[in-house]
Amino acid sequence: MKQNFLYSIIILFIVIFTITIDAQNKSNKYTIVIHGGAGGFSKNSPDSLKELYLNSLKEALKIGQDILKNGGTSLDAVEKVINYLEDNHLFNAGKGAVFTTDGRHELDASIMNGKDLSNGAVAGVTIIKNPISLARLVMEKTNNVLFAGRGADELGIKLGVEIVPNSYFHTDEQYLDFLKGSVKKYSGETVGCVAIDNYGNIVAGTSTGGRNYKIPGRIGDSPIIGAGNYADNNTCGVSATGIGELFIKHTVAYNVSALMKFKGYTLKQACEEMIYKVLPDNAGGIIAVDKDGNYEMVFNTTAMFRGVANSNGVFEVAIWK
Ligand code: GLY
């Protein structure tokens, strides 16, 4: 009897201790930003099309916000938001990806966890329905960071992600652009998400079909950690969209973090330096969140599909400046 009482007291202590530690680690603060690509989307587009994009951005944002609001992780929020955008034919990632010159689809994606700088990426995959989910498995289940082409597709089969025929990614809209047969200056609609959760962990993810009419085997910035994607809990998380070659050349995502870390820039100063001063006009844009939950969505193109939500009640989506 006496022993049972003692056990009960010990268990009660453990429960109180666990709840206290949990409460200390949790700030009930979150911020999430998303993009659906930067480019030349015209203000004269039909209202019905604008509505489709804005509603899709709202839907994506809500998926992430619900996860974060309920104490979920930024890792889950970023993956699930990008899954939605990959499955949405309006965007150039997953279903709706652009065509290569040989009429196929090759997809790239990466994800990075700012908690420990772990990351995973896939490039040139052809049968993976949701490349961001395979990138996450690369990060969590392998000792490597980047898989490309056939090996990446085979890894996806081995790790049990959803497999689809290459024709699954086809949409008539992208096929019409393919028939025009030229690399557009920037076709846009790469997707990305950056979030900080209640526990102060920043995660960034990016997924894309690349550039319209790209040469088979061409890889852009989206699966290149430091170029199209980066996250560090000590500074910020960044996801890019634009002409991949320029974002690789200028190591854009890492440089935003580096300007904060080594030069003491604010998130705003660092993002504006890279987009307005380092990159040429019409190169693209970035979304970013810093360790205090501040956010930026900066672009030097006509438009960038984007959205932000946070624990202070902000919930906004936009296309133009
Ligand atoms: N930013 C996407 C790409 O260039 O592939």
# chains A, B, ... in the order shown; residues from 1 in each chain; ligands from 1

call {"tool": "residues_near_ligand", "arguments": {"ligand": "ligand 1", "cutoff": "8 Å", "atoms": "only C-alpha atoms and all ligand atoms", "output": "PyMOL selection string"}}
result
chain A and resi 108+188+190+208-211+219-222+228+240-245+247

call {"tool": "closest_atom_pairs", "arguments": {"of": "range 59-170 of chain A", "to": "range 213-217 of chain A", "cutoff": "6 Å", "atoms": "only C-alpha atoms", "output": "tab-separated table"}}
result
residue	atom	partner	partner_atom	distance
A:Phe99	CA	A:Tyr213	CA	5.6
A:Thr100	CA	A:Tyr213	CA	4.5
A:Thr101	CA	A:Tyr213	CA	4.7

call {"tool": "write_last_selection", "arguments": {"atoms": "N, CA and C atoms", "output": "PDB file, in the first residue's frame"}}
result
ATOM      1  N   PHE A  99       7.903  20.605 -69.750  1.00  0.00           N
ATOM      2  CA  PHE A  99       8.446  19.526 -70.578  1.00  0.00           C
ATOM      3  C   PHE A  99       9.925  19.768 -70.894  1.00  0.00           C
ATOM      4  N   THR A 100      10.665  18.671 -71.048  1.00  0.00           N
ATOM      5  CA  THR A 100      12.034  18.765 -71.579  1.00  0.00           C
ATOM      6  C   THR A 100      11.953  18.818 -73.108  1.00  0.00           C
ATOM      7  N   THR A 101      13.075  19.062 -73.771  1.00  0.00           N
ATOM      8  CA  THR A 101      13.056  19.123 -75.242  1.00  0.00           C
ATOM      9  C   THR A 101      12.612  17.802 -75.859  1.00  0.00           C
TER      10      THR A 101
END

call {"tool": "residues_around", "arguments": {"residues": "range 122-139 of chain A", "least_positions_apart": "2", "cutoff": "8 Å", "atoms": "only C-alpha atoms", "output": "PyMOL selection string"}}
result
chain A and resi 79+82-83+86-87+94-95+105-111+118-120+141-150+152-153+156+159+161-166+205-207+217-219+223

call {"tool": "residues_around", "arguments": {"residues": "Leu267 in chain A", "least_positions_apart": "4", "cutoff": "9 Å", "atoms": "only C-alpha atoms", "output": "JSON, numbers by chain"}}
result
{"A": [235, 236, 256, 257, 259, 260, 271, 272, 288, 289, 290, 294, 295, 296]}

call {"tool": "write_last_selection", "arguments": {"atoms": "C-alpha atoms", "output": "mmCIF file, in the first residue's frame"}}
result
data_model
loop_
_atom_site.group_PDB
_atom_site.id
_atom_site.type_symbol
_atom_site.label_atom_id
_atom_site.label_comp_id
_atom_site.auth_asym_id
_atom_site.auth_seq_id
_atom_site.Cartn_x
_atom_site.Cartn_y
_atom_site.Cartn_z
ATOM 1 C CA THR A 235 19.713 32.800 -38.990
ATOM 2 C CA CYS A 236 16.872 31.984 -41.388
ATOM 3 C CA VAL A 256 21.009 35.459 -47.361
ATOM 4 C CA SER A 257 21.917 33.436 -44.260
ATOM 5 C CA LEU A 259 24.848 38.106 -44.717
ATOM 6 C CA MET A 260 22.916 37.769 -41.452
ATOM 7 C CA CYS A 271 16.972 39.400 -48.982
ATOM 8 C CA GLU A 272 16.935 42.805 -50.682
ATOM 9 C CA ALA A 288 12.352 33.663 -46.133
ATOM 10 C CA VAL A 289 11.686 33.407 -42.388
ATOM 11 C CA ASP A 290 14.194 34.289 -39.663
ATOM 12 C CA ASN A 294 10.085 37.735 -39.271
ATOM 13 C CA TYR A 295 9.349 37.033 -42.929
ATOM 14 C CA GLU A 296 10.241 38.421 -46.367
#

call {"tool": "closest_residue", "arguments": {"among": "A:Ile196, A:Lys268, A:Gly36, A:Val314", "to": "Ala60 in chain A", "atoms": "only C-alpha atoms"}}
result
A:Gly36

call {"tool": "residues_around", "arguments": {"residues": "Asn312 in chain A", "least_positions_apart": "4", "cutoff": "12 Å", "atoms": "only C-alpha atoms", "output": "PDB file with all heavy atoms, in the first residue's frame"}}
result
ATOM      1  N   ASN A  28       4.490  28.668 -28.782  1.00  0.00           N
ATOM      2  CA  ASN A  28       3.211  28.969 -29.426  1.00  0.00           C
ATOM      3  C   ASN A  28       3.331  30.087 -30.442  1.00  0.00           C
ATOM      4  O   ASN A  28       2.448  30.918 -30.575  1.00  0.00           O
ATOM      5  CB  ASN A  28       2.137  29.306 -28.389  1.00  0.00           C
ATOM      6  CG  ASN A  28       1.607  28.045 -27.742  1.00  0.00           C
ATOM      7  OD1 ASN A  28       1.472  27.033 -28.417  1.00  0.00           O
ATOM      8  ND2 ASN A  28       1.363  28.094 -26.461  1.00  0.00           N
ATOM      9  N   LYS A  29       4.459  30.124 -31.110  1.00  0.00           N
ATOM     10  CA  LYS A  29       4.666  31.116 -32.160  1.00  0.00           C
ATOM     11  C   LYS A  29       5.080  30.387 -33.423  1.00  0.00           C
ATOM     12  O   LYS A  29       5.895  29.468 -33.356  1.00  0.00           O
ATOM     13  CB  LYS A  29       5.807  32.053 -31.755  1.00  0.00           C
ATOM     14  CG  LYS A  29       5.373  33.194 -30.885  1.00  0.00           C
ATOM     15  CD  LYS A  29       6.533  34.115 -30.664  1.00  0.00           C
ATOM     16  CE  LYS A  29       6.037  35.521 -30.409  1.00  0.00           C
ATOM     17  NZ  LYS A  29       7.112  36.484 -30.434  1.00  0.00           N
ATOM     18  N   TYR A  30       4.495  30.772 -34.541  1.00  0.00           N
ATOM     19  CA  TYR A  30       4.917  30.155 -35.807  1.00  0.00           C
ATOM     20  C   TYR A  30       4.778  31.164 -36.928  1.00  0.00           C
ATOM     21  O   TYR A  30       4.016  32.144 -36.822  1.00  0.00           O
ATOM     22  CB  TYR A  30       4.087  28.900 -36.107  1.00  0.00           C
ATOM     23  CG  TYR A  30       2.621  29.212 -36.349  1.00  0.00           C
ATOM     24  CD1 TYR A  30       2.160  29.639 -37.593  1.00  0.00           C
ATOM     25  CD2 TYR A  30       1.691  29.118 -35.307  1.00  0.00           C
ATOM     26  CE1 TYR A  30       0.828  29.953 -37.800  1.00  0.00           C
ATOM     27  CE2 TYR A  30       0.369  29.432 -35.514  1.00  0.00           C
ATOM     28  CZ  TYR A  30      -0.067  29.843 -36.757  1.00  0.00           C
ATOM     29  OH  TYR A  30      -1.378  30.169 -36.954  1.00  0.00           O
ATOM     30  N   THR A  31       5.533  30.949 -37.983  1.00  0.00           N
ATOM     31  CA  THR A  31       5.387  31.726 -39.212  1.00  0.00           C
ATOM     32  C   THR A  31       5.586  30.774 -40.376  1.00  0.00           C
ATOM     33  O   THR A  31       6.467  29.906 -40.324  1.00  0.00           O
ATOM     34  CB  THR A  31       6.448  32.844 -39.308  1.00  0.00           C
ATOM     35  OG1 THR A  31       6.314  33.710 -38.188  1.00  0.00           O
ATOM     36  CG2 THR A  31       6.280  33.667 -40.596  1.00  0.00           C
ATOM     37  N   ILE A  32       4.776  30.932 -41.415  1.00  0.00           N
ATOM     38  CA  ILE A  32       4.935  30.097 -42.613  1.00  0.00           C
ATOM     39  C   ILE A  32       4.794  30.980 -43.849  1.00  0.00           C
ATOM     40  O   ILE A  32       3.895  31.819 -43.918  1.00  0.00           O
ATOM     41  CB  ILE A  32       3.926  28.922 -42.622  1.00  0.00           C
ATOM     42  CG1 ILE A  32       4.116  28.070 -43.880  1.00  0.00           C
ATOM     43  CG2 ILE A  32       2.483  29.375 -42.469  1.00  0.00           C
ATOM     44  CD1 ILE A  32       3.413  26.713 -43.816  1.00  0.00           C
ATOM     45  N   GLN A  65      -0.598  26.033 -41.920  1.00  0.00           N
ATOM     46  CA  GLN A  65      -0.994  26.748 -40.697  1.00  0.00           C
ATOM     47  C   GLN A  65      -1.659  25.790 -39.696  1.00  0.00           C
ATOM     48  O   GLN A  65      -1.368  25.843 -38.502  1.00  0.00           O
ATOM     49  CB  GLN A  65      -1.950  27.886 -41.042  1.00  0.00           C
ATOM     50  CG  GLN A  65      -2.251  28.757 -39.844  1.00  0.00           C
ATOM     51  CD  GLN A  65      -3.278  29.826 -40.159  1.00  0.00           C
ATOM     52  OE1 GLN A  65      -4.248  29.573 -40.873  1.00  0.00           O
ATOM     53  NE2 GLN A  65      -3.070  31.012 -39.653  1.00  0.00           N
ATOM     54  N   LYS A  69      -0.262  25.373 -36.042  1.00  0.00           N
ATOM     55  CA  LYS A  69      -1.164  25.860 -34.976  1.00  0.00           C
ATOM     56  C   LYS A  69      -1.420  24.780 -33.931  1.00  0.00           C
ATOM     57  O   LYS A  69      -1.559  25.059 -32.755  1.00  0.00           O
ATOM     58  CB  LYS A  69      -2.497  26.262 -35.630  1.00  0.00           C
ATOM     59  CG  LYS A  69      -3.281  27.285 -34.869  1.00  0.00           C
ATOM     60  CD  LYS A  69      -4.370  27.913 -35.710  1.00  0.00           C
ATOM     61  CE  LYS A  69      -5.356  26.904 -36.260  1.00  0.00           C
ATOM     62  NZ  LYS A  69      -6.353  27.488 -37.159  1.00  0.00           N
ATOM     63  N   GLY A 293      10.885  34.760 -36.394  1.00  0.00           N
ATOM     64  CA  GLY A 293       9.576  34.675 -37.038  1.00  0.00           C
ATOM     65  C   GLY A 293       9.288  35.809 -38.015  1.00  0.00           C
ATOM     66  O   GLY A 293       8.189  35.888 -38.568  1.00  0.00           O
ATOM     67  N   ASN A 294      10.266  36.708 -38.230  1.00  0.00           N
ATOM     68  CA  ASN A 294      10.085  37.735 -39.271  1.00  0.00           C
ATOM     69  C   ASN A 294      10.091  37.052 -40.635  1.00  0.00           C
ATOM     70  O   ASN A 294      10.740  36.023 -40.810  1.00  0.00           O
ATOM     71  CB  ASN A 294      11.228  38.753 -39.226  1.00  0.00           C
ATOM     72  CG  ASN A 294      11.295  39.474 -37.902  1.00  0.00           C
ATOM     73  OD1 ASN A 294      10.300  40.028 -37.458  1.00  0.00           O
ATOM     74  ND2 ASN A 294      12.449  39.444 -37.253  1.00  0.00           N
ATOM     75  N   VAL A 308       1.625  34.237 -46.795  1.00  0.00           N
ATOM     76  CA  VAL A 308       2.214  34.178 -45.461  1.00  0.00           C
ATOM     77  C   VAL A 308       1.105  34.028 -44.422  1.00  0.00           C
ATOM     78  O   VAL A 308       0.027  34.604 -44.554  1.00  0.00           O
ATOM     79  CB  VAL A 308       3.060  35.444 -45.162  1.00  0.00           C
ATOM     80  CG1 VAL A 308       2.274  36.722 -45.358  1.00  0.00           C
ATOM     81  CG2 VAL A 308       3.629  35.400 -43.733  1.00  0.00           C
TER      82      VAL A 308
END
